[in-house]
>>> print(open('target_0.cif').read())   # mmCIF, C-alpha atoms
data_model
#
loop_
_atom_site.label_atom_id
_atom_site.label_comp_id
_atom_site.auth_asym_id
_atom_site.auth_seq_id
_atom_site.Cartn_x
_atom_site.Cartn_y
_atom_site.Cartn_z
CA MET A 1 -43.69 46.35 -45.39
CA SER A 2 -43.57 46.48 -41.63
CA HIS A 3 -40.26 46.45 -39.87
CA SER A 4 -40.66 42.99 -38.40
CA ALA A 5 -41.73 41.46 -41.72
CA ARG A 6 -38.71 43.04 -43.36
CA GLU A 7 -36.42 41.78 -40.65
CA GLU A 8 -37.79 38.28 -41.05
CA GLU A 9 -37.18 38.48 -44.77
CA TRP A 10 -33.62 39.63 -44.21
CA ALA A 11 -33.07 36.83 -41.73
CA ALA A 12 -34.39 34.25 -44.19
CA TRP A 13 -32.12 35.57 -46.94
CA MET A 14 -29.10 35.67 -44.68
CA SER A 15 -29.80 32.19 -43.44
CA ALA A 16 -30.01 30.85 -47.00
CA ALA A 17 -26.90 32.84 -47.90
CA MET A 18 -24.84 31.24 -45.18
CA ALA A 19 -25.83 27.86 -46.57
CA GLY A 20 -24.43 28.94 -49.93
CA ASP A 21 -27.36 30.63 -51.74
CA THR A 22 -25.65 33.46 -53.63
CA LEU A 23 -28.93 34.82 -54.97
CA ALA A 24 -30.43 35.18 -51.52
CA TYR A 25 -27.26 36.85 -50.33
CA HIS A 26 -27.35 39.27 -53.21
CA ARG A 27 -30.91 40.19 -52.26
CA PHE A 28 -29.93 40.66 -48.65
CA LEU A 29 -27.02 42.94 -49.48
CA LYS A 30 -29.06 44.97 -51.99
CA ALA A 31 -31.84 45.37 -49.45
CA VAL A 32 -29.57 46.43 -46.60
CA THR A 33 -27.36 48.85 -48.53
CA PRO A 34 -29.86 51.76 -48.78
CA TYR A 35 -30.21 51.70 -45.01
CA LEU A 36 -26.48 51.64 -44.52
CA ARG A 37 -26.18 54.55 -46.91
CA ALA A 38 -28.80 56.56 -45.03
CA ILE A 39 -27.01 55.99 -41.72
CA ALA A 40 -23.59 56.72 -43.21
CA ARG A 41 -24.82 59.91 -44.86
CA ARG A 42 -26.36 61.21 -41.69
CA ARG A 43 -23.18 60.53 -39.73
CA CYS A 44 -20.90 62.02 -42.35
CA ASP A 45 -23.05 65.17 -42.40
CA GLN A 46 -23.08 65.39 -38.67
CA PHE A 47 -19.36 64.97 -38.21
CA GLY A 48 -18.27 67.03 -41.16
CA ALA A 49 -16.94 64.23 -43.30
CA SER A 50 -17.27 65.04 -46.97
CA PRO A 51 -20.31 63.53 -48.69
CA SER A 52 -17.97 61.78 -51.11
CA GLU A 53 -16.81 59.64 -48.22
CA VAL A 54 -20.27 58.22 -47.62
CA GLU A 55 -19.90 55.51 -50.22
CA ASP A 56 -16.52 54.48 -48.86
CA VAL A 57 -18.06 54.10 -45.43
CA VAL A 58 -20.93 52.07 -46.91
CA GLN A 59 -18.50 49.73 -48.65
CA GLU A 60 -16.42 49.32 -45.55
CA VAL A 61 -19.50 48.47 -43.50
CA LEU A 62 -20.64 45.98 -46.15
CA LEU A 63 -17.27 44.27 -46.03
CA ALA A 64 -17.48 44.08 -42.24
CA VAL A 65 -20.99 42.60 -42.34
CA HIS A 66 -19.71 40.09 -44.87
CA LEU A 67 -16.60 39.04 -42.98
CA LYS A 68 -18.37 38.80 -39.63
CA ARG A 69 -21.53 37.07 -40.78
CA SER A 70 -20.49 33.78 -39.18
CA THR A 71 -21.15 35.40 -35.79
CA TRP A 72 -24.87 35.67 -36.53
CA ASP A 73 -26.78 32.91 -34.85
CA THR A 74 -29.57 31.93 -37.28
CA SER A 75 -31.95 31.35 -34.38
CA ARG A 76 -31.65 34.97 -33.26
CA PRO A 77 -33.16 38.10 -34.83
CA VAL A 78 -30.92 39.65 -37.46
CA GLY A 79 -31.71 43.28 -36.55
CA PRO A 80 -29.73 43.67 -33.31
CA TRP A 81 -26.82 41.77 -34.83
CA LEU A 82 -26.75 43.97 -37.89
CA SER A 83 -27.18 47.19 -35.90
CA SER A 84 -24.31 46.28 -33.66
CA ILE A 85 -21.92 45.49 -36.53
CA VAL A 86 -22.93 48.62 -38.42
CA ARG A 87 -22.53 50.85 -35.40
CA ASN A 88 -19.10 49.50 -34.51
CA LYS A 89 -17.80 49.73 -38.04
CA LEU A 90 -19.26 53.18 -38.52
CA VAL A 91 -17.56 54.52 -35.40
CA ASP A 92 -14.33 52.86 -36.45
CA SER A 93 -14.48 54.09 -40.03
CA LEU A 94 -15.31 57.69 -39.12
CA ARG A 95 -12.65 57.68 -36.44
CA ARG A 96 -10.04 56.70 -38.97
CA ARG A 97 -11.22 59.63 -41.03
CA GLY A 98 -10.21 61.77 -38.10
CA ARG A 99 -13.58 62.21 -36.41
CA HIS A 100 -14.09 61.23 -32.84
CA VAL A 101 -17.63 60.12 -32.86
CA SER A 102 -20.05 58.12 -30.90
CA VAL A 103 -23.03 56.61 -32.61
CA PRO A 104 -25.89 55.65 -30.31
CA ILE A 105 -27.16 52.18 -31.11
CA GLU A 106 -30.75 53.50 -31.00
CA ASP A 107 -30.03 55.70 -34.02
CA VAL A 108 -28.83 52.75 -36.03
CA VAL A 109 -31.83 50.67 -35.02
CA GLU A 110 -34.19 53.52 -35.92
CA THR A 111 -32.67 53.95 -39.34
CA LEU A 112 -32.84 50.24 -40.00
CA GLU A 113 -36.49 50.35 -39.04
CA ALA A 114 -37.46 53.41 -41.07
CA ALA A 115 -37.83 53.41 -44.82
CA PRO A 116 -34.73 54.57 -46.66
CA HIS A 117 -34.64 57.11 -49.46
CA ASP A 118 -32.12 55.69 -51.78
CA GLU A 119 -29.95 57.00 -54.45
CA GLY A 120 -26.24 56.71 -54.37
CA ALA A 121 -23.21 58.09 -55.99
CA ASP A 122 -20.55 55.47 -56.34
CA ARG A 123 -16.94 55.91 -55.64
CA ILE A 124 -13.89 54.66 -57.42
CA ASP A 125 -11.94 54.31 -54.26
CA VAL A 126 -11.65 50.55 -54.17
CA ASP A 127 -9.98 50.56 -57.58
CA ARG A 128 -6.94 51.98 -55.89
CA MET A 129 -7.38 49.36 -53.20
CA LEU A 130 -7.27 46.63 -55.81
CA GLU A 131 -3.72 47.67 -56.55
CA GLY A 132 -2.89 46.36 -53.11
CA LEU A 133 -4.04 42.84 -53.97
CA ARG A 134 -1.89 40.26 -55.68
CA ASP A 135 -2.83 38.01 -58.56
CA PRO A 136 -4.78 35.85 -58.90
CA GLN A 137 -6.88 37.60 -56.24
CA ARG A 138 -6.94 40.89 -58.11
CA ASP A 139 -7.76 39.16 -61.35
CA ILE A 140 -10.61 37.29 -59.72
CA VAL A 141 -12.01 40.41 -58.09
CA ARG A 142 -11.89 42.30 -61.40
CA SER A 143 -13.44 39.45 -63.29
CA ILE A 144 -16.37 38.98 -60.93
CA SER A 145 -17.10 42.54 -59.83
CA LEU A 146 -16.36 44.56 -62.94
CA GLY A 147 -16.77 41.91 -65.58
CA GLY A 148 -19.83 40.44 -63.90
CA ALA A 149 -18.51 36.92 -64.40
CA GLY A 150 -19.52 34.00 -62.22
CA ILE A 151 -17.25 31.71 -60.25
CA ARG A 152 -17.29 29.04 -62.95
CA GLU A 153 -16.44 31.34 -65.84
CA THR A 154 -13.67 32.91 -63.82
CA ALA A 155 -12.31 29.51 -62.92
CA GLU A 156 -12.31 28.45 -66.56
CA ARG A 157 -10.66 31.59 -67.77
CA LEU A 158 -7.92 31.47 -65.16
CA GLN A 159 -7.60 27.70 -65.42
CA MET A 160 -8.21 27.22 -61.75
CA THR A 161 -10.66 24.96 -59.94
CA GLU A 162 -13.88 26.56 -58.70
CA GLY A 163 -12.85 25.73 -55.16
CA ALA A 164 -9.56 27.56 -55.61
CA VAL A 165 -11.39 30.59 -57.00
CA ARG A 166 -13.73 30.60 -54.00
CA VAL A 167 -10.84 30.43 -51.57
CA ALA A 168 -8.96 33.17 -53.40
CA LEU A 169 -12.08 35.35 -53.48
CA HIS A 170 -12.60 34.96 -49.76
CA ARG A 171 -8.96 35.87 -49.11
CA ALA A 172 -9.25 38.83 -51.44
CA LEU A 173 -12.23 40.18 -49.48
CA LYS A 174 -10.35 39.79 -46.23
CA GLY A 175 -7.44 41.55 -47.88
CA LEU A 176 -9.66 44.41 -49.04
CA ALA A 177 -10.99 44.92 -45.52
CA ALA A 178 -7.42 44.96 -44.17
CA LEU A 179 -6.36 47.42 -46.87
CA TYR A 180 -9.18 49.73 -45.88
CA ARG A 181 -7.96 49.70 -42.31
CA SER A 182 -4.28 50.23 -43.06
CA ASP A 183 -4.88 52.75 -45.83
CA ARG A 184 -6.88 55.01 -43.56
CA ARG A 185 -4.36 54.71 -40.81
CA ALA A 186 -1.46 55.53 -43.11
CA ASN A 187 -3.27 58.56 -44.46
CA GLY A 188 -4.00 59.75 -40.97
CA MET B 1 -15.50 50.10 -57.58
CA ARG B 2 -19.20 50.76 -57.52
CA THR B 3 -21.04 49.57 -54.47
CA ASP B 4 -23.15 47.34 -56.70
CA ASP B 5 -19.99 45.71 -58.00
CA LEU B 6 -18.82 45.11 -54.45
CA ILE B 7 -22.18 43.53 -53.67
CA ASN B 8 -21.81 41.20 -56.67
CA LEU B 9 -18.43 40.26 -55.36
CA LEU B 10 -19.60 39.62 -51.80
CA ALA B 11 -22.62 37.63 -52.99
CA LYS B 12 -20.35 35.15 -54.76
CA ASP B 13 -18.69 34.41 -51.42
CA ALA B 14 -22.00 33.68 -49.69
CA ARG B 15 -21.30 30.38 -48.00
CA VAL B 16 -20.04 30.31 -44.44
CA SER B 17 -17.87 27.26 -44.03
CA VAL B 18 -17.31 27.41 -40.29
CA ARG B 19 -19.60 29.12 -37.79
CA PHE B 20 -18.09 31.30 -35.11
CA GLY B 21 -19.35 28.93 -32.40
CA HIS B 22 -17.50 26.00 -33.95
CA ILE B 23 -14.29 27.96 -34.32
CA PHE B 24 -14.52 28.93 -30.68
CA LEU B 25 -15.13 25.36 -29.49
CA ILE B 26 -12.32 23.88 -31.56
CA ALA B 27 -9.84 26.56 -30.50
CA LEU B 28 -10.90 26.15 -26.88
CA ALA B 29 -10.45 22.37 -26.99
CA ILE B 30 -6.96 22.73 -28.45
CA GLY B 31 -6.00 25.29 -25.80
CA VAL B 32 -7.30 23.13 -22.95
CA VAL B 33 -5.58 19.97 -24.23
CA ILE B 34 -2.21 21.72 -24.62
CA SER B 35 -2.49 23.29 -21.20
CA ALA B 36 -3.50 20.03 -19.48
CA GLY B 37 -0.74 18.18 -21.33
CA LEU B 38 1.75 20.75 -20.11
CA LEU B 39 0.77 20.18 -16.48
CA LEU B 40 0.83 16.39 -16.82
CA SER B 41 4.23 16.39 -18.52
CA THR B 42 5.84 18.74 -16.00
CA LEU B 43 4.43 18.72 -12.48
CA GLY B 44 1.78 16.03 -12.86
CA ILE B 45 -1.25 15.54 -10.66
CA ARG B 46 -0.53 15.70 -6.95
CA LYS B 47 0.53 12.36 -5.50
CA ASN B 48 -2.18 11.93 -2.91
CA MET B 49 -5.05 13.22 -5.07
CA ILE B 50 -7.21 10.15 -4.50
CA GLU B 51 -7.43 10.79 -0.76
CA ALA B 52 -7.19 14.58 -1.01
CA ILE B 53 -10.12 14.92 -3.38
CA GLU B 54 -12.46 13.84 -0.62
CA THR B 55 -11.51 16.70 1.67
CA PRO B 56 -13.82 19.73 1.49
CA ARG B 57 -11.02 22.21 0.77
CA VAL B 58 -9.74 20.31 -2.25
CA MET B 59 -13.26 19.69 -3.48
CA PHE B 60 -13.93 23.40 -3.16
CA LYS B 61 -10.72 24.32 -4.95
CA LEU B 62 -11.48 22.07 -7.91
CA GLY B 63 -15.12 23.12 -8.04
CA PHE B 64 -14.43 26.83 -7.64
CA THR B 65 -11.77 26.98 -10.33
CA LEU B 66 -13.94 24.93 -12.71
CA LEU B 67 -16.90 27.23 -12.10
CA LEU B 68 -14.72 30.26 -12.76
CA ALA B 69 -13.39 28.66 -15.95
CA ILE B 70 -16.87 27.88 -17.26
CA THR B 71 -18.51 31.22 -16.45
CA SER B 72 -15.61 33.30 -17.76
CA THR B 73 -15.24 31.22 -20.93
CA ARG B 74 -18.93 31.68 -21.64
CA LEU B 75 -18.51 35.44 -21.29
CA ALA B 76 -15.49 35.40 -23.63
CA PHE B 77 -17.55 33.49 -26.19
CA LEU B 78 -20.55 35.83 -26.05
CA ILE B 79 -18.38 38.95 -26.17
CA GLY B 80 -17.37 37.95 -29.71
CA LYS B 81 -20.98 37.95 -30.90
CA PRO B 82 -22.44 41.33 -31.84
CA GLY B 83 -25.87 42.33 -30.59
CA VAL B 84 -25.90 39.86 -27.70
CA SER B 85 -26.51 41.23 -24.22
CA LEU B 86 -23.60 40.44 -21.95
CA ARG B 87 -25.24 41.40 -18.68
CA SER B 88 -26.40 37.97 -17.60
CA ALA B 89 -23.13 36.33 -18.65
CA ALA B 90 -21.19 38.95 -16.68
CA GLN B 91 -23.47 38.43 -13.69
CA THR B 92 -22.71 34.71 -13.59
CA LEU B 93 -19.14 35.68 -12.67
CA LEU B 94 -20.61 36.57 -9.29
CA LEU B 95 -21.25 32.86 -8.69
CA PRO B 96 -17.60 31.84 -8.28
CA LEU B 97 -16.87 35.13 -6.52
CA SER B 98 -19.57 34.66 -3.89
CA ALA B 99 -18.63 30.99 -3.49
CA LEU B 100 -15.09 32.12 -2.72
CA LEU B 101 -16.26 34.71 -0.21
CA ILE B 102 -18.37 32.12 1.58
CA ALA B 103 -15.44 29.68 1.63
CA ILE B 104 -13.16 32.37 3.06
CA ALA B 105 -15.68 33.11 5.80
CA ALA B 106 -15.96 29.38 6.60
CA GLU B 107 -12.17 29.03 6.65
CA LEU B 108 -11.76 31.97 9.01
CA PHE B 109 -14.41 30.46 11.25
CA VAL B 110 -12.86 26.98 11.32
CA VAL B 111 -9.17 27.84 11.47
CA PRO B 112 -7.76 29.51 14.61
CA GLN B 113 -6.62 33.06 14.04
CA ALA B 114 -3.00 32.18 14.72
CA ALA B 115 -2.94 29.88 11.69
CA TRP B 116 -4.53 32.34 9.22
CA GLY B 117 -1.15 33.67 8.12
CA ASN B 118 0.24 30.22 7.37
CA SER B 119 -2.89 29.18 5.46
CA LEU B 120 -2.66 32.29 3.33
CA GLU B 121 1.05 31.97 2.62
CA GLY B 122 0.82 28.27 1.83
CA ARG B 123 3.93 26.39 0.81
CA PHE B 124 4.16 26.74 -2.96
CA SER B 125 2.82 30.20 -3.82
CA SER B 126 5.68 30.83 -6.25
CA PHE B 127 4.65 27.69 -8.21
CA CYS B 128 1.12 29.02 -8.39
CA LEU B 129 2.34 32.42 -9.62
CA VAL B 130 4.47 30.81 -12.33
CA PHE B 131 2.29 27.92 -13.42
CA VAL B 132 -1.12 29.56 -13.63
CA PRO B 133 0.13 32.20 -16.10
CA MET B 134 2.19 29.59 -17.96
CA LEU B 135 -0.77 27.22 -18.32
CA SER B 136 -2.80 30.24 -19.51
CA ILE B 137 -0.67 30.83 -22.59
CA ALA B 138 -2.22 28.18 -24.84
CA PRO B 139 -5.86 28.86 -23.86
CA LEU B 140 -5.27 32.61 -24.16
CA ALA B 141 -3.82 32.28 -27.65
CA ALA B 142 -6.68 29.98 -28.64
CA ILE B 143 -9.43 32.20 -27.24
CA LEU B 144 -7.93 35.39 -28.69
CA TYR B 145 -7.69 33.66 -32.06
CA ALA B 146 -11.33 32.61 -31.84
CA VAL B 147 -12.63 35.99 -30.63
CA ARG B 148 -10.67 37.62 -33.45
CA GLN B 149 -12.91 35.73 -35.87
CA GLY B 150 -15.85 37.26 -34.04
CA ALA B 151 -16.81 40.91 -33.81
CA PRO B 152 -16.19 42.18 -30.27
CA GLU B 153 -17.42 45.69 -29.66
CA ASN B 154 -14.58 46.73 -27.38
CA PRO B 155 -11.19 45.10 -28.12
CA GLY B 156 -9.73 45.82 -24.68
CA LYS B 157 -12.67 44.43 -22.74
CA ALA B 158 -12.87 41.41 -25.02
CA GLY B 159 -9.16 40.79 -24.47
CA ALA B 160 -9.62 41.03 -20.70
CA ALA B 161 -12.50 38.54 -20.88
CA ALA B 162 -10.27 36.22 -22.91
CA GLY B 163 -7.52 36.61 -20.30
CA LEU B 164 -9.92 35.89 -17.46
CA ALA B 165 -11.24 32.81 -19.26
CA ALA B 166 -7.73 31.55 -20.07
CA SER B 167 -6.50 32.01 -16.50
CA GLY B 168 -9.71 30.45 -15.16
CA ILE B 169 -8.98 27.40 -17.31
CA ALA B 170 -5.34 27.40 -16.22
CA ALA B 171 -6.38 27.63 -12.56
CA ALA B 172 -8.82 24.73 -13.00
CA ILE B 173 -5.97 22.66 -14.46
CA TYR B 174 -3.28 23.71 -11.98
CA ALA B 175 -5.66 22.95 -9.09
CA TRP B 176 -5.11 19.25 -9.86
CA HIS B 177 -1.48 19.63 -8.89
CA CYS B 178 -1.59 22.43 -6.33
CA PRO B 179 -0.77 21.14 -2.81
CA ASP B 180 -2.08 24.26 -1.05
CA ASP B 181 -5.73 23.89 -0.21
CA SER B 182 -6.84 26.84 1.89
CA PRO B 183 -9.41 29.23 0.36
CA LEU B 184 -7.20 31.99 1.77
CA PHE B 185 -4.41 30.72 -0.49
CA LEU B 186 -6.79 30.58 -3.45
CA ALA B 187 -8.07 34.08 -2.82
CA THR B 188 -4.56 35.48 -2.67
CA TRP B 189 -2.20 33.72 -5.05
CA TYR B 190 -4.62 32.41 -7.66
CA SER B 191 -6.21 35.85 -7.78
CA ILE B 192 -2.90 37.57 -8.37
CA ALA B 193 -2.05 35.15 -11.19
CA ILE B 194 -5.52 35.56 -12.71
CA LEU B 195 -5.33 39.35 -12.53
CA VAL B 196 -1.95 39.35 -14.26
CA VAL B 197 -3.24 37.20 -17.12
CA THR B 198 -6.45 39.24 -17.40
CA ALA B 199 -4.39 42.42 -17.67
CA ALA B 200 -2.19 40.78 -20.31
CA GLY B 201 -5.36 39.79 -22.17
CA PHE B 202 -6.57 43.39 -22.03
CA LEU B 203 -3.33 44.72 -23.53
CA LEU B 204 -3.17 42.00 -26.18
CA GLY B 205 -6.85 42.43 -27.01
CA ARG B 206 -6.40 46.13 -27.75
CA ARG B 207 -3.81 45.16 -30.34
CA VAL B 208 -5.22 42.04 -31.94
CA LEU B 209 -9.00 42.25 -31.55
CA ARG B 210 -9.66 45.26 -33.76
CA TRP B 211 -11.62 44.54 -36.89
#
>>> encode(input="target_0.cif", output="structure tokens")
Amino acid sequence: MSHSAREEEWAAWMSAAMAGDTLAYHRFLKAVTPYLRAIARRRCDQFGASPSEVEDVVQEVLLAVHLKRSTWDTSRPVGPWLSSIVRNKLVDSLRRRGRHVSVPIEDVVETLEAAPHDEGADRIDVDRMLEGLRDPQRDIVRSISLGGAGIRETAERLQMTEGAVRVALHRALKGLAALYRSDRRANG
Amino acid sequence: MRTDDLINLLAKDARVSVRFGHIFLIALAIGVVISAGLLLSTLGIRKNMIEAIETPRVMFKLGFTLLLAITSTRLAFLIGKPGVSLRSAAQTLLLPLSALLIAIAAELFVVPQAAWGNSLEGRFSSFCLVFVPMLSIAPLAAILYAVRQGAPENPGKAGAAAGLAASGIAAAIYAWHCPDDSPLFLATWYSIAILVVTAAGFLLGRRVLRW
């Protein structure tokens, strides 16, 4: 698939996602992740971060894309927006890992345009992060991410309304992003 | 957590309830209303505004400060959006700046040299230095809050843009009270107040606009 066709597809998914289509959003995130991983791996190699940190960086960037998605204007191309978020978060994340880096935007754009070679070791790091969340947020995160449950099932099990689960989930994701930031800072 | 699990989690939170643009507009409106209310409830609009508004200097003062408020607020809005070129928005700041320079030249031409000093000093410069920053507080808090929801690339610069926008708004509001009308006064005292607030925005931005 050509770059522009892919970008249009991503934009369509993201647009549907913002209107509440969880399936489209899932597709978008799955499609983008290999690219993020390729960029993160290259940067970690280059700046001497251990390869095991790649997946942490990927997850941090995903969280940033998620929490800042309301800044994407659906009438604009998604590529420059995504590149800019990824670059900023990448610089920030690597810096907190003690590397003073600069990541040229062109590199990010190129990687997003090229085909990724994907495979990916996963990290357990966020499990420790979950300790930093309070219930019911932690419970909800566990239930949905690890248990694979949907919003409705989770709501039923915890005897909450679906709306309350959604709100708690959103807060939990904000909390996770904040934990990432403070955790890295505290650990130098 | 595996990355796939995180993706499952994020996907469930797909919907965006409020767009960044809406947040910015609402916050801005609240900031402007509070600031305008503060002027009306303390100093009020100048007594002779109905006659004064027809004089070129007052017209220029109101127009100039409004233009500064609009161009700088637009920049502060765009700086919160990733991947948007800021060049043209930054260039529009030259509009109020060049308007001011032209007005200064006209003032120097019209007013005899002996009166330049008095025009520049004005009568109520200390009011200007106190009220412009004070009227900036609510818009600055509102704009910083809004930009925080965005994704500014450089927190310091974004904070400075927020400070410039807030003080531009404050100047546009204070101008309705301000009894000093010379462009020389504007260029001196308003500028000092605006620079102070912009610097405060820069320092605040570095703290609160990281994401």
>>> residues_around(input="target_0.cif", residues="region 114-128 of chain B", least_positions_apart="4", cutoff="12 Å", atoms="all atoms listed in the file", output="compact mmCIF listing (two decimals) with C-alpha atoms, in the frame of the given file")
# COMPACT_ATOMS: atom_id res chain seq x y z
CA LEU B 39 0.77 20.18 -16.48
CA THR B 42 5.84 18.74 -16.00
CA LEU B 43 4.43 18.72 -12.48
CA ARG B 57 -11.02 22.21 0.77
CA ILE B 104 -13.16 32.37 3.06
CA ALA B 105 -15.68 33.11 5.80
CA GLU B 107 -12.17 29.03 6.65
CA LEU B 108 -11.76 31.97 9.01
CA PHE B 109 -14.41 30.46 11.25
CA VAL B 110 -12.86 26.98 11.32
CA VAL B 132 -1.12 29.56 -13.63
CA PRO B 133 0.13 32.20 -16.10
CA MET B 134 2.19 29.59 -17.96
CA LEU B 135 -0.77 27.22 -18.32
CA SER B 136 -2.80 30.24 -19.51
CA SER B 167 -6.50 32.01 -16.50
CA ALA B 170 -5.34 27.40 -16.22
CA ALA B 171 -6.38 27.63 -12.56
CA ALA B 172 -8.82 24.73 -13.00
CA ILE B 173 -5.97 22.66 -14.46
CA TYR B 174 -3.28 23.71 -11.98
CA ALA B 175 -5.66 22.95 -9.09
CA TRP B 176 -5.11 19.25 -9.86
CA HIS B 177 -1.48 19.63 -8.89
CA CYS B 178 -1.59 22.43 -6.33
CA PRO B 179 -0.77 21.14 -2.81
CA ASP B 180 -2.08 24.26 -1.05
CA ASP B 181 -5.73 23.89 -0.21
CA SER B 182 -6.84 26.84 1.89
CA PRO B 183 -9.41 29.23 0.36
CA LEU B 184 -7.20 31.99 1.77
CA PHE B 185 -4.41 30.72 -0.49
CA LEU B 186 -6.79 30.58 -3.45
CA ALA B 187 -8.07 34.08 -2.82
CA THR B 188 -4.56 35.48 -2.67
CA TRP B 189 -2.20 33.72 -5.05
CA TYR B 190 -4.62 32.41 -7.66
CA SER B 191 -6.21 35.85 -7.78
CA ILE B 192 -2.90 37.57 -8.37
CA ALA B 193 -2.05 35.15 -11.19
CA ILE B 194 -5.52 35.56 -12.71
>>> resolve_selection(input="target_0.cif", expression="the PyMOL selection byres ((chain A) within 8 of (chain B))", output="JSON, numbers by chain")
{"A": [17, 18, 19, 20, 21, 22, 23, 25, 26, 29, 30, 55, 58, 59, 63, 64, 66, 68, 69, 70, 71, 72, 80, 81, 82, 83, 84, 85, 88, 122, 123, 124, 125, 126, 127, 141, 144, 145, 146, 148, 150, 151, 166, 169, 170, 173]}
>>> atom_distance(input="target_0.cif", atom1="CA of Thr74 (chain A)", atom2="CA of Ala161 (chain B)")
24.6 Å
>>> residues_around(input="target_0.cif", residues="Leu75 (chain B)", least_positions_apart="2", cutoff="9 Å", atoms="only C-alpha atoms", output="list of chain:residue names")
B:Ile70, B:Thr71, B:Ser72, B:Thr73, B:Phe77, B:Leu78, B:Ile79, B:Gly80, B:Leu86, B:Ala89, B:Ala90, B:Thr92, B:Leu93, B:Ala161, B:Ala162, B:Ala165
>>> write_last_selection(input="target_0.cif", atoms="C-alpha atoms", output="CSV table (one decimal), keeping the file's coordinate frame")
chain,number,residue,atom,x,y,z
B,70,ILE,CA,-16.9,27.9,-17.3
B,71,THR,CA,-18.5,31.2,-16.4
B,72,SER,CA,-15.6,33.3,-17.8
B,73,THR,CA,-15.2,31.2,-20.9
B,77,PHE,CA,-17.6,33.5,-26.2
B,78,LEU,CA,-20.6,35.8,-26.0
B,79,ILE,CA,-18.4,39.0,-26.2
B,80,GLY,CA,-17.4,38.0,-29.7
B,86,LEU,CA,-23.6,40.4,-22.0
B,89,ALA,CA,-23.1,36.3,-18.6
B,90,ALA,CA,-21.2,39.0,-16.7
B,92,THR,CA,-22.7,34.7,-13.6
B,93,LEU,CA,-19.1,35.7,-12.7
B,161,ALA,CA,-12.5,38.5,-20.9
B,162,ALA,CA,-10.3,36.2,-22.9
B,165,ALA,CA,-11.2,32.8,-19.3
>>> resolve_selection(input="target_0.cif", expression="the PyMOL selection byres ((chain A and resi 93) around 12)", output="count of residues only")
44
>>> atom_distance(input="target_0.cif", atom1="CA of Met14 (chain A)", atom2="CA of Phe28 (chain A)")
6.4 Å
>>> residues_around(input="target_0.cif", residues="Ile30 (chain B)", least_positions_apart="5", cutoff="12 Å", atoms="only C-alpha atoms", output="count of residues only")
15
>>> decode(input="target_0.cif", residues="region 76-90 of chain A", atoms="C-alpha atoms", output="PDB file, in the first residue's frame")
ATOM      1  CA  ARG A  76      -6.027  17.804   8.255  1.00  0.00           C
ATOM      2  CA  PRO A  77      -3.686  14.968   7.269  1.00  0.00           C
ATOM      3  CA  VAL A  78      -2.920  12.628  10.144  1.00  0.00           C
ATOM      4  CA  GLY A  79       0.754  12.066   9.211  1.00  0.00           C
ATOM      5  CA  PRO A  80       2.300  15.388  10.296  1.00  0.00           C
ATOM      6  CA  TRP A  81       0.215  15.360  13.459  1.00  0.00           C
ATOM      7  CA  LEU A  82       1.310  11.868  14.370  1.00  0.00           C
ATOM      8  CA  SER A  83       4.960  12.515  13.497  1.00  0.00           C
ATOM      9  CA  SER A  84       5.014  15.579  15.674  1.00  0.00           C
ATOM     10  CA  ILE A  85       3.508  13.823  18.706  1.00  0.00           C
ATOM     11  CA  VAL A  86       5.784  10.826  18.288  1.00  0.00           C
ATOM     12  CA  ARG A  87       8.888  12.934  17.928  1.00  0.00           C
ATOM     13  CA  ASN A  88       8.134  15.059  20.987  1.00  0.00           C
ATOM     14  CA  LYS A  89       7.297  12.098  23.163  1.00  0.00           C
ATOM     15  CA  LEU A  90      10.306  10.160  21.947  1.00  0.00           C
TER      16      LEU A  90
END
